[in-house]
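Below is one structure, written out as structure tokens; the observations come after it.
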Amino acid sequence: MIFVVFAAVLGLLIGSFLNVCIARMPWEYSVVTPRSHCPQCGQFLSWFENIPVLSYVFLGGRCRHCRRPISLRYPFVELLTAGCFAWAVYGAGWTWEGFRVCLFSALLIGLIFTDLDWLILPDEFTLGGAAAGLALAAIEPLPVSLMGYFLPSASPRLASFVEALVASVLASGLLWAVGTLYMRFRGREGLGLGDVKMIALLGAFLGIQRTLSVLVLGSLAGSIFGLIWIKLRGLKASTYEIPFGSFLGAAALLVALIGPA
């Protein structure tokens with residue numbers, strides 16, 4: 001139980017850092033310097049204003065200096081990351097698999113909210129995360145699905161790495177082809193390159209079968225909730241850009257936390 005509590009506390013800290021990344025990466029600002037400050041008045045924050053969740057509660061959701069409201073996204077991201085980390089360690093223990101789910105969760109949360117806020121999926125999360133996923137697949141074997149039939153005599157680590165690599169290339173290539181065809185026939189971009197890179201990340205962490213599940217779930221959710229949002233806001237479906245990466249990320253987070261089943 002102590003490891004679950006420690007994972008939750010670590011998740012709060014990582015969630016706080018993710019908030020910095022979400023706010024700065026789309027503008028290509030450093031996530032290290034300058035130190036945290038109010039986005040409204042620019043006043044630098046003291047240490048007691050940077051405590052995850054607690055500072056938001058004690059300050060009443062407002063900046064101590066200018067009294068303007070602080071986005072609810074900040075404590076939500078911190079709590080969500082803490083919950084994902086605790087669940088991962090509770091299910092997999094303090095193992096490489098637990099670490100993989102924690103890292104994957106952090107990357108997905110960063111991508112979900114960056115796409116929601118800015119319609120951008122930073123390469124640091126997608127491409128950097130894909131490289132980390134491939135490395136972890138060679139250390140801690142994934143639940144091998146299709147590759148198990150093609151490489152029956154391969155070691156589990158080799159089969160896992162090939163599974164992750166094939167899933168990453170195959171799924172991202174499939175999405176790129178769909179986006180290219182959409183552009184050719186409709187004359188406008190339907191899928192951004194960031195979405196393609198994000199699928200490479202999903203393949204590296206999930207393997208072929210679960211990545212395809214995420215594509216189905218994410219596409220279905222994006223279609224349903226996207227259309228509902230367009231209707232409620234009176235927007236034009238032909239011009240409104242749906243944050244598809246956020247729906248993919250939410251579906252991937254669900255699949256990753258549920259496990260191979």
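Simple scheme: letters A, B, ... for chains in structure tokens order, numbers from 1 for residues in each chain, numbers from 1 for ligands in the order shown.
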query: Can you list every residue in segment 8-113 of chain A that DSSP puts in strand (DSSP E or B), as a count of residues only?
result: 4
query: Could you pull the residues within 10 Å of Pro26 of chain A, counting only C-alpha atoms, minus those fewer than 6 positions along the same chain, as number ranges by chain?
result: A: 114-115, 117-123
Just the alpha helix (DSSP H) stuff from segment 108-256 of chain A, please, per backbone DSSP, written as a compact mmCIF listing (two decimals) with C-alpha atoms, in the first residue's frame.
# COMPACT_ATOMS: atom_id res chain seq x y z
CA LEU A 108 -1.38 10.85 -22.74
CA ILE A 109 -2.60 13.38 -20.18
CA GLY A 110 -0.16 15.93 -21.53
CA LEU A 111 -1.37 15.30 -25.07
CA ILE A 112 -5.08 15.27 -24.21
CA PHE A 113 -5.05 18.70 -22.60
CA THR A 114 -2.56 20.30 -24.97
CA ASP A 115 -4.80 19.30 -27.87
CA LEU A 116 -7.90 20.52 -26.05
CA ASP A 117 -6.34 23.90 -25.28
CA TRP A 118 -4.25 24.56 -28.39
CA ASP A 123 6.73 16.23 -30.67
CA GLU A 124 8.32 15.97 -27.23
CA PHE A 125 5.33 13.89 -26.13
CA THR A 126 4.62 11.99 -29.36
CA LEU A 127 8.00 11.21 -30.93
CA GLY A 128 9.91 11.21 -27.64
CA GLY A 129 7.24 9.01 -26.11
CA ALA A 130 7.30 6.60 -29.07
CA ALA A 131 11.07 6.14 -28.64
CA ALA A 132 10.59 5.48 -24.92
CA GLY A 133 7.79 2.99 -25.66
CA LEU A 134 9.97 1.01 -28.06
CA ALA A 135 12.81 0.91 -25.52
CA LEU A 136 10.46 -0.32 -22.79
CA ALA A 137 9.00 -2.97 -25.12
CA ALA A 138 12.49 -4.47 -25.36
CA ILE A 139 12.90 -4.41 -21.55
CA MET A 147 3.65 -11.14 -33.82
CA GLY A 148 3.42 -14.27 -31.71
CA TYR A 149 2.22 -16.14 -34.81
CA PHE A 150 4.96 -14.77 -37.07
CA PRO A 156 9.72 -12.61 -25.61
CA ARG A 157 11.72 -9.35 -25.61
CA LEU A 158 12.48 -9.53 -29.34
CA ALA A 159 8.88 -10.43 -30.20
CA SER A 160 7.69 -7.57 -28.00
CA PHE A 161 10.00 -5.04 -29.65
CA VAL A 162 8.95 -6.16 -33.15
CA GLU A 163 5.30 -6.00 -32.07
CA ALA A 164 5.71 -2.43 -30.81
CA LEU A 165 7.66 -1.35 -33.90
CA VAL A 166 5.22 -2.89 -36.38
CA ALA A 167 2.22 -1.47 -34.49
CA SER A 168 3.81 1.97 -34.42
CA VAL A 169 4.66 2.03 -38.14
CA LEU A 170 1.54 0.23 -39.35
CA ALA A 171 -1.01 2.26 -37.37
CA SER A 172 0.60 5.63 -38.05
CA GLY A 173 0.97 4.75 -41.75
CA LEU A 174 -2.69 3.76 -41.93
CA LEU A 175 -3.80 7.04 -40.37
CA TRP A 176 -1.49 9.04 -42.64
CA ALA A 177 -3.01 7.30 -45.69
CA VAL A 178 -6.54 8.12 -44.52
CA GLY A 179 -5.58 11.75 -43.96
CA THR A 180 -3.94 11.97 -47.39
CA LEU A 181 -7.01 10.53 -49.14
CA TYR A 182 -9.27 12.92 -47.23
CA MET A 183 -7.14 15.88 -48.30
CA ARG A 184 -7.21 14.74 -51.92
CA PHE A 185 -10.97 14.22 -52.14
CA ARG A 186 -12.21 16.98 -49.80
CA LEU A 193 0.57 15.20 -38.76
CA GLY A 194 0.47 15.40 -34.97
CA ASP A 195 -2.29 12.78 -34.92
CA VAL A 196 -0.13 10.48 -37.05
CA LYS A 197 2.81 10.88 -34.65
CA MET A 198 0.51 10.23 -31.71
CA ILE A 199 -0.60 6.93 -33.24
CA ALA A 200 3.08 5.95 -33.46
CA LEU A 201 3.28 6.57 -29.71
CA LEU A 202 0.21 4.42 -29.06
CA GLY A 203 1.57 1.55 -31.14
CA ALA A 204 4.89 1.59 -29.30
CA PHE A 205 3.19 1.30 -25.91
CA LEU A 206 0.17 -0.87 -26.70
CA GLY A 207 1.03 -3.22 -29.56
CA ILE A 208 -1.13 -3.97 -32.59
CA GLN A 209 -4.37 -5.27 -31.14
CA ARG A 210 -4.86 -2.65 -28.42
CA THR A 211 -3.82 0.19 -30.77
CA LEU A 212 -6.55 -0.85 -33.20
CA SER A 213 -9.00 -0.89 -30.28
CA VAL A 214 -7.97 2.67 -29.41
CA LEU A 215 -8.44 3.80 -33.02
CA VAL A 216 -11.98 2.41 -33.05
CA LEU A 217 -12.92 3.82 -29.62
CA GLY A 218 -11.29 7.21 -30.24
CA SER A 219 -12.87 7.63 -33.67
CA LEU A 220 -16.29 6.64 -32.36
CA ALA A 221 -16.08 8.99 -29.38
CA GLY A 222 -14.74 11.84 -31.51
CA SER A 223 -17.56 11.43 -34.02
CA ILE A 224 -20.35 11.27 -31.43
CA PHE A 225 -19.21 13.94 -28.98
CA GLY A 226 -17.77 16.14 -31.71
CA LEU A 227 -21.10 16.24 -33.54
CA ILE A 228 -22.98 16.90 -30.30
CA TRP A 229 -20.64 19.80 -29.49
CA ILE A 230 -21.01 21.23 -33.02
CA LYS A 231 -24.81 21.08 -32.80
CA LEU A 232 -24.97 22.62 -29.32
CA ARG A 233 -22.67 25.49 -30.28
CA PHE A 244 -9.04 14.19 -32.38
CA GLY A 245 -5.86 13.65 -30.36
CA SER A 246 -7.77 14.27 -27.14
CA PHE A 247 -10.28 11.53 -27.98
CA LEU A 248 -7.50 9.14 -28.99
CA GLY A 249 -5.67 9.94 -25.75
CA ALA A 250 -8.75 9.34 -23.60
CA ALA A 251 -9.42 6.01 -25.34
CA ALA A 252 -5.76 4.97 -24.97
CA LEU A 253 -5.78 5.91 -21.28
CA LEU A 254 -8.85 3.75 -20.74
CA VAL A 255 -7.34 0.79 -22.61
CA ALA A 256 -3.98 1.10 -20.83
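Separating atom CA of Ile242 of chain A from atom CA of Trp27 of chain A is a distance of 20.3 Å.
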message: Could you list, as number ranges by chain, every residue within 12 Å of segment 91-94 of chain A, counting only C-alpha atoms and ignoring same-chain residues fewer than 5 positions away?
response: A: 1-7, 84-86, 99-102, 256-260
message: List the spatial neighbours of Asn50 of chain A as an NGL selection string - criterion: any atom at most 10 Å away, only C-alpha atoms, same-chain residues fewer than 4 positions off excluded.
response: :A and (13 or 16 or 36-37 or 45-46 or 54-56)
task: Go ahead and compute the interatomic distance for atom CA of Pro52 of chain A and atom CA of Arg67 of chain A, in Å to one decimal.
output: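 Atom-to-atom, atom CA of Pro52 of chain A to atom CA of Arg67 of chain A, that is 18.6 Å.
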query: With only C-alpha atoms as the basis for distance, which of A:Cys41, A:Asn19, A:Phe48, A:Glu241 is at the shortest distance from Leu79 of chain A?
result: A:Asn19
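Distance annotation: of A:Arg68, A:Arg73, A:Arg62, A:Arg188, the residue with the minimal separation from Val20 of chain A is A:Arg73; atom set is only C-alpha atoms.
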